[in-house]
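J.: Can you read through this structure? Questions will come right after.
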Amino acid sequence: MNFDLSEEQRLLADSLAKWAARSYAFERRRVISESPEGRSAEVWAELAELGLHGLPFAEADGGFGGGPVEIMIAMEAIGRALVTEPWATGVVLCGAVLRHGASEAQRGELVPQIAAGDLVLAPAYAEVQSRWTLSDVATRATPTAEGWRLDGTKTLVVHGASADRFVVSARTAGERSSPSGIGLFLVDRTAPGVSVTDRPTHDGGRAAEVRLDGVVVTAEAVIGDPAGGLPVLERAVDEAIAAIAAEAVGAMDAALRLTVDYLKTRVQFDRPIGSFQALQHRAADMFVAVEQARSMALWATMAVGEDDDAVRRRAMSAAKVQISKSARFVGQQAIQLHGGIGMTWEYAVGHLFKRLTMIDKQFGDLDHHLDRLAAGDGLTEAA
């Protein structure tokens, strides 16, 4: 199999690397993450100018016709630069919901706005009791003369306070944990009955609790089948897992490079500490962990287009397990090899480790995905 990037893909990677070096240095990132919003409308517009927001969408819908590999390239760059913008959730995840579930008319209306950077979506599917079970939905959608009435509370909505609209999962029928009877609805953040409580996250971003009290939406706000939204959401989350796996590889690669540079420049006993064999071995182990994660992220990227749900989910869980293991190891080694400076707020390594820690928890942690693999057939299908 040929893993070489095409010329267009190399140009994409190069343009994102140049943008990060020119416009998203660590100091600017620190200012943005410490702001009340935890993100920047100016940076979002810059990413739109680079064509990033239209990347996952077909040209017929107003996008740029990119695929999983292009998303992987973009997410690696986002991980290296520690970009706080909600691209993985707002463009990749919500974009996948639109691509797989929305009508042609909905895509025609929404995709050009997303591509231009004029519309920011946020997925609102998690609830306090649901943990990582997408089918555990207590939020209710009741049919009305106007369309639907939504009641419930969503939690951990990434950058929910600065989103324009939410993609909300709500139960239209069945018991709380039933896989059927779940619909997906577009809800304006400023709609009557919507209240948003914003909080900072461990990695410098923001997340919100979104309360829906008698929020009325029209029938046009429903994405696809109002009782069959779960398969669409599950596929979108799988695509988001592949995306954050690539982001983690970018963050681990940045941590490794910073650590190796530090070993070359930090002098102790009149010589660079990188000359000590024990520290060279630890840096080599970090490199191996990064490459193991890169291989699994590539596998997840290749599996995104798999129509067999079981095969696709198996690949995502396997990738998430290795990503989590590598992220913890690389982050810990980077901190330890840097010593005290690695824990300072003014240095990037600690922030990279924080983001890697959050990626481990996002869309299911290591134990969750190990359990999912064990409950199935592991990495191979049963004979």
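Starting from 1 in every chain, residues are counted up; chains themselves are A, B, ... following the order of the structure tokens, and ligands are numbered from 1 as listed.
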Pick out the residues sitting within 8 Å of range 301-312 of chain A, and hand them over as a PyMOL selection string; count only C-alpha atoms, and ignore anything fewer than 4 positions along from it in its own chain.

T.: chain A and resi 68-69+72+235+238-239+242-243+297+316

J.: Mind checking which residues fall within 6 Å of range 180-189 of chain A, counting only C-alpha atoms, ignoring those fewer than 5 positions away in the same chain, and posting them as a count of residues only?

T.: 19

J.: Skipping near chain neighbours, those fewer than 2 positions away, what residues fall within 7 Å of range 204-217 of chain A using only C-alpha atoms, listed as an NGL selection string?

T.: :A and (33 or 38 or 84 or 147-161 or 187 or 192-202 or 219 or 221)

J.: Would you mind listing what lies within 8 Å of Ala315 in chain A as a PDB file with all heavy atoms, in the first residue's frame, with only C-alpha atoms counted and same-chain residues fewer than 2 positions away left out?

T.:
```
ATOM      1  N   TRP A 299      -4.330   3.803  10.340  1.00  0.00           N
ATOM      2  CA  TRP A 299      -5.331   2.748  10.195  1.00  0.00           C
ATOM      3  C   TRP A 299      -6.736   3.322  10.409  1.00  0.00           C
ATOM      4  O   TRP A 299      -7.665   3.023   9.653  1.00  0.00           O
ATOM      5  CB  TRP A 299      -5.048   1.610  11.188  1.00  0.00           C
ATOM      6  CG  TRP A 299      -5.978   0.436  11.027  1.00  0.00           C
ATOM      7  CD1 TRP A 299      -6.652   0.075   9.903  1.00  0.00           C
ATOM      8  CD2 TRP A 299      -6.329  -0.531  12.025  1.00  0.00           C
ATOM      9  NE1 TRP A 299      -7.399  -1.066  10.126  1.00  0.00           N
ATOM     10  CE2 TRP A 299      -7.217  -1.449  11.420  1.00  0.00           C
ATOM     11  CE3 TRP A 299      -5.967  -0.699  13.361  1.00  0.00           C
ATOM     12  CZ2 TRP A 299      -7.762  -2.525  12.121  1.00  0.00           C
ATOM     13  CZ3 TRP A 299      -6.506  -1.781  14.051  1.00  0.00           C
ATOM     14  CH2 TRP A 299      -7.385  -2.673  13.439  1.00  0.00           C
ATOM     15  N   ALA A 300      -6.896   4.140  11.447  1.00  0.00           N
ATOM     16  CA  ALA A 300      -8.202   4.750  11.694  1.00  0.00           C
ATOM     17  C   ALA A 300      -8.629   5.612  10.510  1.00  0.00           C
ATOM     18  O   ALA A 300      -9.794   5.588  10.096  1.00  0.00           O
ATOM     19  CB  ALA A 300      -8.147   5.584  12.972  1.00  0.00           C
ATOM     20  N   ALA A 303      -9.882   3.503   7.769  1.00  0.00           N
ATOM     21  CA  ALA A 303     -11.124   2.796   8.103  1.00  0.00           C
ATOM     22  C   ALA A 303     -12.336   3.714   8.147  1.00  0.00           C
ATOM     23  O   ALA A 303     -13.466   3.227   8.273  1.00  0.00           O
ATOM     24  CB  ALA A 303     -10.969   2.090   9.448  1.00  0.00           C
ATOM     25  N   VAL A 311     -16.545  -3.327  11.583  1.00  0.00           N
ATOM     26  CA  VAL A 311     -15.144  -3.197  11.160  1.00  0.00           C
ATOM     27  C   VAL A 311     -14.633  -1.803  11.477  1.00  0.00           C
ATOM     28  O   VAL A 311     -13.521  -1.632  11.989  1.00  0.00           O
ATOM     29  CB  VAL A 311     -15.005  -3.505   9.655  1.00  0.00           C
ATOM     30  CG1 VAL A 311     -13.595  -3.200   9.169  1.00  0.00           C
ATOM     31  CG2 VAL A 311     -15.360  -4.959   9.384  1.00  0.00           C
ATOM     32  N   ARG A 312     -15.448  -0.801  11.186  1.00  0.00           N
ATOM     33  CA  ARG A 312     -15.021   0.587  11.415  1.00  0.00           C
ATOM     34  C   ARG A 312     -14.825   0.861  12.906  1.00  0.00           C
ATOM     35  O   ARG A 312     -13.823   1.445  13.315  1.00  0.00           O
ATOM     36  CB  ARG A 312     -16.065   1.550  10.841  1.00  0.00           C
ATOM     37  CG  ARG A 312     -15.614   3.000  10.864  1.00  0.00           C
ATOM     38  CD  ARG A 312     -16.663   3.922  10.265  1.00  0.00           C
ATOM     39  NE  ARG A 312     -17.904   3.959  11.027  1.00  0.00           N
ATOM     40  CZ  ARG A 312     -19.050   3.407  10.647  1.00  0.00           C
ATOM     41  NH1 ARG A 312     -19.134   2.770   9.487  1.00  0.00           N
ATOM     42  NH2 ARG A 312     -20.128   3.478  11.407  1.00  0.00           N
ATOM     43  N   ARG A 313     -15.761   0.409  13.729  1.00  0.00           N
ATOM     44  CA  ARG A 313     -15.654   0.664  15.170  1.00  0.00           C
ATOM     45  C   ARG A 313     -14.491  -0.088  15.789  1.00  0.00           C
ATOM     46  O   ARG A 313     -13.855   0.398  16.727  1.00  0.00           O
ATOM     47  CB  ARG A 313     -16.965   0.275  15.854  1.00  0.00           C
ATOM     48  CG  ARG A 313     -18.097   1.231  15.536  1.00  0.00           C
ATOM     49  CD  ARG A 313     -19.428   0.737  16.033  1.00  0.00           C
ATOM     50  NE  ARG A 313     -20.509   1.521  15.450  1.00  0.00           N
ATOM     51  CZ  ARG A 313     -21.777   1.127  15.440  1.00  0.00           C
ATOM     52  NH1 ARG A 313     -22.116  -0.031  15.972  1.00  0.00           N
ATOM     53  NH2 ARG A 313     -22.699   1.897  14.891  1.00  0.00           N
ATOM     54  N   SER A 317     -11.602   1.811  17.934  1.00  0.00           N
ATOM     55  CA  SER A 317     -11.269   1.440  19.310  1.00  0.00           C
ATOM     56  C   SER A 317      -9.806   1.036  19.423  1.00  0.00           C
ATOM     57  O   SER A 317      -9.120   1.409  20.388  1.00  0.00           O
ATOM     58  CB  SER A 317     -12.176   0.292  19.785  1.00  0.00           C
ATOM     59  OG  SER A 317     -13.484   0.755  20.025  1.00  0.00           O
ATOM     60  N   ALA A 318      -9.318   0.266  18.464  1.00  0.00           N
ATOM     61  CA  ALA A 318      -7.911  -0.144  18.501  1.00  0.00           C
ATOM     62  C   ALA A 318      -6.993   1.075  18.414  1.00  0.00           C
ATOM     63  O   ALA A 318      -5.993   1.172  19.143  1.00  0.00           O
ATOM     64  CB  ALA A 318      -7.618  -1.110  17.355  1.00  0.00           C
ATOM     65  N   ALA A 319      -7.331   2.013  17.543  1.00  0.00           N
ATOM     66  CA  ALA A 319      -6.523   3.230  17.428  1.00  0.00           C
ATOM     67  C   ALA A 319      -6.567   4.030  18.718  1.00  0.00           C
ATOM     68  O   ALA A 319      -5.540   4.526  19.192  1.00  0.00           O
ATOM     69  CB  ALA A 319      -7.030   4.080  16.258  1.00  0.00           C
ATOM     70  N   LEU A 379      -9.401  -7.636  17.592  1.00  0.00           N
ATOM     71  CA  LEU A 379      -9.024  -6.981  16.336  1.00  0.00           C
ATOM     72  C   LEU A 379      -9.354  -7.797  15.112  1.00  0.00           C
ATOM     73  O   LEU A 379      -9.154  -7.334  13.987  1.00  0.00           O
ATOM     74  CB  LEU A 379      -7.515  -6.664  16.368  1.00  0.00           C
ATOM     75  CG  LEU A 379      -7.048  -5.717  17.459  1.00  0.00           C
ATOM     76  CD1 LEU A 379      -5.569  -5.434  17.303  1.00  0.00           C
ATOM     77  CD2 LEU A 379      -7.842  -4.425  17.425  1.00  0.00           C
TER      78      LEU A 379
END
```

J.: Range 250-313 of chain A: which residues are helix (DSSP H, G or I) by DSSP, as a ChimeraX atom specification?

T.: /A:250-265,273-275,277-303,309-313

J.: Go ahead and dump the residues you just picked, C-alpha atoms, as a PDB file, in the first residue's frame.

T.:
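Heads up, here's the output in out.pdb:
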```pdb
ATOM      1  CA  GLY A 250       0.792  15.939  15.980  1.00  0.00           C
ATOM      2  CA  ALA A 251       0.927  16.863  19.688  1.00  0.00           C
ATOM      3  CA  MET A 252       3.166  13.883  20.534  1.00  0.00           C
ATOM      4  CA  ASP A 253       5.484  14.715  17.655  1.00  0.00           C
ATOM      5  CA  ALA A 254       5.760  18.307  18.915  1.00  0.00           C
ATOM      6  CA  ALA A 255       6.505  17.090  22.460  1.00  0.00           C
ATOM      7  CA  LEU A 256       9.186  14.724  21.149  1.00  0.00           C
ATOM      8  CA  ARG A 257      10.868  17.448  19.085  1.00  0.00           C
ATOM      9  CA  LEU A 258      10.876  19.882  22.007  1.00  0.00           C
ATOM     10  CA  THR A 259      12.342  17.207  24.264  1.00  0.00           C
ATOM     11  CA  VAL A 260      15.123  16.228  21.861  1.00  0.00           C
ATOM     12  CA  ASP A 261      16.029  19.891  21.338  1.00  0.00           C
ATOM     13  CA  TYR A 262      16.153  20.372  25.101  1.00  0.00           C
ATOM     14  CA  LEU A 263      18.413  17.345  25.542  1.00  0.00           C
ATOM     15  CA  LYS A 264      20.790  18.837  22.985  1.00  0.00           C
ATOM     16  CA  THR A 265      20.971  22.254  24.637  1.00  0.00           C
ATOM     17  CA  ILE A 273      22.476  15.942  28.876  1.00  0.00           C
ATOM     18  CA  GLY A 274      21.543  14.362  25.533  1.00  0.00           C
ATOM     19  CA  SER A 275      25.009  12.813  25.469  1.00  0.00           C
ATOM     20  CA  GLN A 277      23.060   7.110  27.014  1.00  0.00           C
ATOM     21  CA  ALA A 278      20.218   6.553  29.476  1.00  0.00           C
ATOM     22  CA  LEU A 279      18.462   9.713  28.277  1.00  0.00           C
ATOM     23  CA  GLN A 280      19.072   8.773  24.641  1.00  0.00           C
ATOM     24  CA  HIS A 281      17.302   5.474  25.293  1.00  0.00           C
ATOM     25  CA  ARG A 282      14.314   7.271  26.793  1.00  0.00           C
ATOM     26  CA  ALA A 283      14.109   9.615  23.811  1.00  0.00           C
ATOM     27  CA  ALA A 284      14.280   6.590  21.492  1.00  0.00           C
ATOM     28  CA  ASP A 285      11.408   4.968  23.412  1.00  0.00           C
ATOM     29  CA  MET A 286       9.401   8.165  22.937  1.00  0.00           C
ATOM     30  CA  PHE A 287      10.062   8.012  19.196  1.00  0.00           C
ATOM     31  CA  VAL A 288       8.860   4.401  19.047  1.00  0.00           C
ATOM     32  CA  ALA A 289       5.670   5.316  20.936  1.00  0.00           C
ATOM     33  CA  VAL A 290       4.962   8.189  18.534  1.00  0.00           C
ATOM     34  CA  GLU A 291       5.437   5.944  15.499  1.00  0.00           C
ATOM     35  CA  GLN A 292       3.169   3.269  16.971  1.00  0.00           C
ATOM     36  CA  ALA A 293       0.506   5.927  17.461  1.00  0.00           C
ATOM     37  CA  ARG A 294       1.054   7.232  13.920  1.00  0.00           C
ATOM     38  CA  SER A 295       0.507   3.755  12.467  1.00  0.00           C
ATOM     39  CA  MET A 296      -2.770   3.336  14.350  1.00  0.00           C
ATOM     40  CA  ALA A 297      -3.920   6.828  13.398  1.00  0.00           C
ATOM     41  CA  LEU A 298      -3.286   5.919   9.752  1.00  0.00           C
ATOM     42  CA  TRP A 299      -5.331   2.748  10.195  1.00  0.00           C
ATOM     43  CA  ALA A 300      -8.202   4.750  11.694  1.00  0.00           C
ATOM     44  CA  THR A 301      -7.992   7.190   8.784  1.00  0.00           C
ATOM     45  CA  MET A 302      -8.155   4.371   6.257  1.00  0.00           C
ATOM     46  CA  ALA A 303     -11.124   2.796   8.103  1.00  0.00           C
ATOM     47  CA  ASP A 309     -20.049  -0.577  11.276  1.00  0.00           C
ATOM     48  CA  ALA A 310     -18.365  -3.413  13.199  1.00  0.00           C
ATOM     49  CA  VAL A 311     -15.144  -3.197  11.160  1.00  0.00           C
ATOM     50  CA  ARG A 312     -15.021   0.587  11.415  1.00  0.00           C
ATOM     51  CA  ARG A 313     -15.654   0.664  15.170  1.00  0.00           C
TER      52      ARG A 313
END
```

J.: His100 in chain A: which residues within 7 Å, counting only C-alpha atoms, same-chain residues fewer than 3 positions away excluded, as a PDB file with N, CA, C and O atoms, in the first residue's frame?

T.:
```pdb
ATOM      1  N   ALA A  96     -19.785  15.567   9.542  1.00  0.00           N
ATOM      2  CA  ALA A  96     -20.131  14.178   9.219  1.00  0.00           C
ATOM      3  C   ALA A  96     -21.619  13.927   9.432  1.00  0.00           C
ATOM      4  O   ALA A  96     -22.249  13.187   8.660  1.00  0.00           O
ATOM      5  N   VAL A  97     -22.191  14.527  10.474  1.00  0.00           N
ATOM      6  CA  VAL A  97     -23.639  14.406  10.690  1.00  0.00           C
ATOM      7  C   VAL A  97     -24.399  14.953   9.493  1.00  0.00           C
ATOM      8  O   VAL A  97     -25.356  14.332   8.997  1.00  0.00           O
ATOM      9  N   VAL A 232     -26.253   7.678  12.454  1.00  0.00           N
ATOM     10  CA  VAL A 232     -25.572   8.840  11.891  1.00  0.00           C
ATOM     11  C   VAL A 232     -24.602   9.429  12.909  1.00  0.00           C
ATOM     12  O   VAL A 232     -23.446   9.735  12.595  1.00  0.00           O
TER      13      VAL A 232
END
```

J.: One decimal, in Å: what's the spacing between CA of Gly65 in chain A and CA of Ala77 in chain A?

T.: 19.1 Å

J.: Please provide as a ChimeraX atom specification all residues within 8 Å of Arg176 in chain A, with the sequence filter that same-chain residues fewer than 5 positions apart are discarded (counting only C-alpha atoms).

T.: /A:135-138,171

J.: Write out the residues from the selection above, keeping all heavy atoms, as an mmCIF file, in the first residue's frame.

T.:
```
data_model
loop_
_atom_site.group_PDB
_atom_site.id
_atom_site.type_symbol
_atom_site.label_atom_id
_atom_site.label_comp_id
_atom_site.auth_asym_id
_atom_site.auth_seq_id
_atom_site.Cartn_x
_atom_site.Cartn_y
_atom_site.Cartn_z
ATOM 1 N N SER A 135 -26.296 6.083 22.944
ATOM 2 C CA SER A 135 -27.722 5.754 22.934
ATOM 3 C C SER A 135 -28.424 6.107 24.231
ATOM 4 O O SER A 135 -29.651 6.027 24.312
ATOM 5 C CB SER A 135 -27.916 4.256 22.649
ATOM 6 O OG SER A 135 -27.277 3.472 23.648
ATOM 7 N N ASP A 136 -27.675 6.496 25.275
ATOM 8 C CA ASP A 136 -28.275 6.862 26.559
ATOM 9 C C ASP A 136 -28.680 8.334 26.495
ATOM 10 O O ASP A 136 -27.897 9.230 26.786
ATOM 11 C CB ASP A 136 -27.273 6.620 27.694
ATOM 12 C CG ASP A 136 -27.905 6.738 29.071
ATOM 13 O OD1 ASP A 136 -28.970 7.381 29.171
ATOM 14 O OD2 ASP A 136 -27.337 6.204 30.040
ATOM 15 N N VAL A 137 -29.927 8.568 26.103
ATOM 16 C CA VAL A 137 -30.414 9.931 25.858
ATOM 17 C C VAL A 137 -31.692 10.147 26.661
ATOM 18 O O VAL A 137 -32.712 9.489 26.424
ATOM 19 C CB VAL A 137 -30.692 10.159 24.364
ATOM 20 C CG1 VAL A 137 -31.234 11.562 24.125
ATOM 21 C CG2 VAL A 137 -29.423 9.941 23.544
ATOM 22 N N ALA A 138 -31.635 11.074 27.621
ATOM 23 C CA ALA A 138 -32.811 11.420 28.421
ATOM 24 C C ALA A 138 -33.515 12.662 27.892
ATOM 25 O O ALA A 138 -34.697 12.871 28.185
ATOM 26 C CB ALA A 138 -32.404 11.643 29.874
ATOM 27 N N ARG A 171 -34.515 12.225 22.390
ATOM 28 C CA ARG A 171 -35.313 11.005 22.245
ATOM 29 C C ARG A 171 -36.729 11.355 21.798
ATOM 30 O O ARG A 171 -37.437 12.113 22.464
ATOM 31 C CB ARG A 171 -35.333 10.240 23.573
ATOM 32 C CG ARG A 171 -36.075 8.914 23.484
ATOM 33 C CD ARG A 171 -35.690 7.981 24.599
ATOM 34 N NE ARG A 171 -34.291 7.584 24.517
ATOM 35 C CZ ARG A 171 -33.806 6.712 23.647
ATOM 36 N NH1 ARG A 171 -34.613 6.157 22.750
ATOM 37 N NH2 ARG A 171 -32.529 6.402 23.662
#
```

J.: Rank A:Ala248, A:Val43, A:Ala105, A:Val128 by their smallest atom-to-atom distance to Val330 in chain A, using only C-alpha atoms, and report the top residue only.

T.: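 Closest to Val330 in chain A of all the choices is A:Ala248.
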
J.: Please list as a list in words every residue within 12 Å of Gly51 in chain A, counting only C-alpha atoms and excluding residues in the same chain fewer than 2 positions away.

T.: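 My list of contacting residues is Leu12, Ser15, Leu16, Trp44, Ala45, Glu46, Leu47, Ala48, Glu49, His53, Gly54, Leu55, Pro56, Phe57, Gly62, Gly63, Phe64, Gly65, Gly66, Glu70, Ile71, Ala74, Val91, Pro112, Ile114, Ala115, Ala116 and Gly117 of chain A.
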
J.: Export, as a compact mmCIF listing (two decimals), in the first residue's frame, the selected residues with N, CA and C atoms.

T.:
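Written out: selection-v5.txt:
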```txt
# COMPACT_ATOMS: atom_id res chain seq x y z
N LEU A 12 -1.03 21.13 1.21
CA LEU A 12 -1.90 21.41 2.34
C LEU A 12 -1.11 21.37 3.64
N SER A 15 1.26 24.41 3.81
CA SER A 15 0.59 25.69 4.06
C SER A 15 0.14 25.80 5.51
N LEU A 16 -0.31 24.69 6.10
CA LEU A 16 -0.73 24.71 7.51
C LEU A 16 0.47 24.89 8.43
N TRP A 44 -10.40 31.60 13.55
CA TRP A 44 -11.42 30.83 12.81
C TRP A 44 -11.54 31.35 11.38
N ALA A 45 -11.50 32.67 11.23
CA ALA A 45 -11.57 33.26 9.89
C ALA A 45 -10.32 32.94 9.09
N GLU A 46 -9.15 32.93 9.74
CA GLU A 46 -7.92 32.57 9.05
C GLU A 46 -7.98 31.13 8.53
N LEU A 47 -8.50 30.24 9.34
CA LEU A 47 -8.64 28.84 8.91
C LEU A 47 -9.61 28.72 7.74
N ALA A 48 -10.64 29.56 7.76
CA ALA A 48 -11.58 29.57 6.62
C ALA A 48 -10.88 30.03 5.35
N GLU A 49 -10.03 31.04 5.47
CA GLU A 49 -9.28 31.52 4.30
C GLU A 49 -8.35 30.45 3.75
N HIS A 53 -12.35 24.86 6.58
CA HIS A 53 -13.72 24.56 7.00
C HIS A 53 -14.53 23.85 5.92
N GLY A 54 -14.16 24.05 4.68
CA GLY A 54 -14.88 23.37 3.60
C GLY A 54 -14.27 22.05 3.21
N LEU A 55 -13.18 21.67 3.88
CA LEU A 55 -12.42 20.49 3.48
C LEU A 55 -13.22 19.19 3.48
N PRO A 56 -14.03 18.90 4.51
CA PRO A 56 -14.68 17.59 4.55
C PRO A 56 -15.89 17.44 3.63
N PHE A 57 -16.32 18.53 2.99
CA PHE A 57 -17.59 18.52 2.26
C PHE A 57 -17.38 18.39 0.75
N GLY A 62 -20.84 22.76 -1.74
CA GLY A 62 -20.19 24.01 -1.41
C GLY A 62 -18.88 23.85 -0.67
N GLY A 63 -18.37 22.61 -0.61
CA GLY A 63 -17.10 22.36 0.06
C GLY A 63 -15.96 22.24 -0.92
N PHE A 64 -14.86 21.63 -0.45
CA PHE A 64 -13.67 21.51 -1.28
C PHE A 64 -13.31 20.07 -1.60
N GLY A 65 -14.16 19.13 -1.24
CA GLY A 65 -13.99 17.75 -1.68
C GLY A 65 -12.82 17.02 -1.07
N GLY A 66 -12.43 17.36 0.14
CA GLY A 66 -11.36 16.62 0.82
C GLY A 66 -11.88 15.31 1.39
N GLU A 70 -6.96 14.19 4.05
CA GLU A 70 -6.83 15.64 4.21
C GLU A 70 -7.20 16.07 5.63
N ILE A 71 -8.23 15.44 6.19
CA ILE A 71 -8.60 15.75 7.58
C ILE A 71 -7.48 15.33 8.52
N ALA A 74 -4.76 17.97 8.38
CA ALA A 74 -5.15 19.17 9.09
C ALA A 74 -5.10 18.97 10.60
N VAL A 91 -16.45 21.06 12.80
CA VAL A 91 -16.38 20.83 11.35
C VAL A 91 -16.38 19.33 11.04
N PRO A 112 -22.13 25.95 2.77
CA PRO A 112 -21.42 27.18 2.37
C PRO A 112 -21.15 28.12 3.54
N ILE A 114 -20.66 27.18 6.70
CA ILE A 114 -19.57 26.57 7.48
C ILE A 114 -18.24 26.81 6.77
N ALA A 115 -18.21 26.56 5.46
CA ALA A 115 -16.96 26.72 4.70
C ALA A 115 -16.44 28.15 4.75
N ALA A 116 -17.34 29.12 4.80
CA ALA A 116 -16.92 30.52 4.85
C ALA A 116 -16.54 30.96 6.26
N GLY A 117 -16.77 30.11 7.24
CA GLY A 117 -16.46 30.47 8.62
C GLY A 117 -17.55 31.29 9.28
```

J.: With distances taken over only C-alpha atoms, which residue among A:Gln362, A:Ser35, A:Gln9, A:Thr133 lies nearest Lys320 in chain A?

T.: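 Closest to Lys320 in chain A of all the choices is A:Gln362.
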
J.: For Ala141 in chain A, which residue out of A:Trp345, A:Thr218, A:Cys94, A:Gln106 is the nearest one, using only C-alpha atoms?

T.: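 Looking at the shortest contact to Ala141 in chain A, the residue is A:Thr218.
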
J.: Can you check which residues of range 75-158 of chain A DSSP gives as strand (DSSP E or B) on the backbone and send them as a list of chain:residue names?

T.: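 Result set for range 75-158 of chain A (strand (DSSP E or B)): A:Leu121, A:Ala122, A:Pro123, A:Ala124, A:Arg140, A:Ala141, A:Thr142, A:Pro143, A:Gly147, A:Trp148, A:Arg149, A:Leu150, A:Asp151, A:Gly152, A:Thr153, A:Lys154, A:Thr155, A:Leu156, A:Val157, A:Val158.
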
J.: Nearest residue to Gln332 in chain A out of A:Pro231, A:Gly350, A:Pro86, A:Gly224, using only C-alpha atoms?

T.: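 When distances to Gln332 in chain A are compared using only C-alpha atoms, the smallest one comes from A:Gly350.
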
J.: Quick one: distance from CA of Ile359 in chain A to CA of Leu52 in chain A in Å, one decimal?

T.: 21.0 Å

J.: Interatomic distance between CA of Glu234 in chain A and CA of Ala191 in chain A?

T.: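 Separating CA of Glu234 in chain A from CA of Ala191 in chain A is a distance of 26.4 Å.
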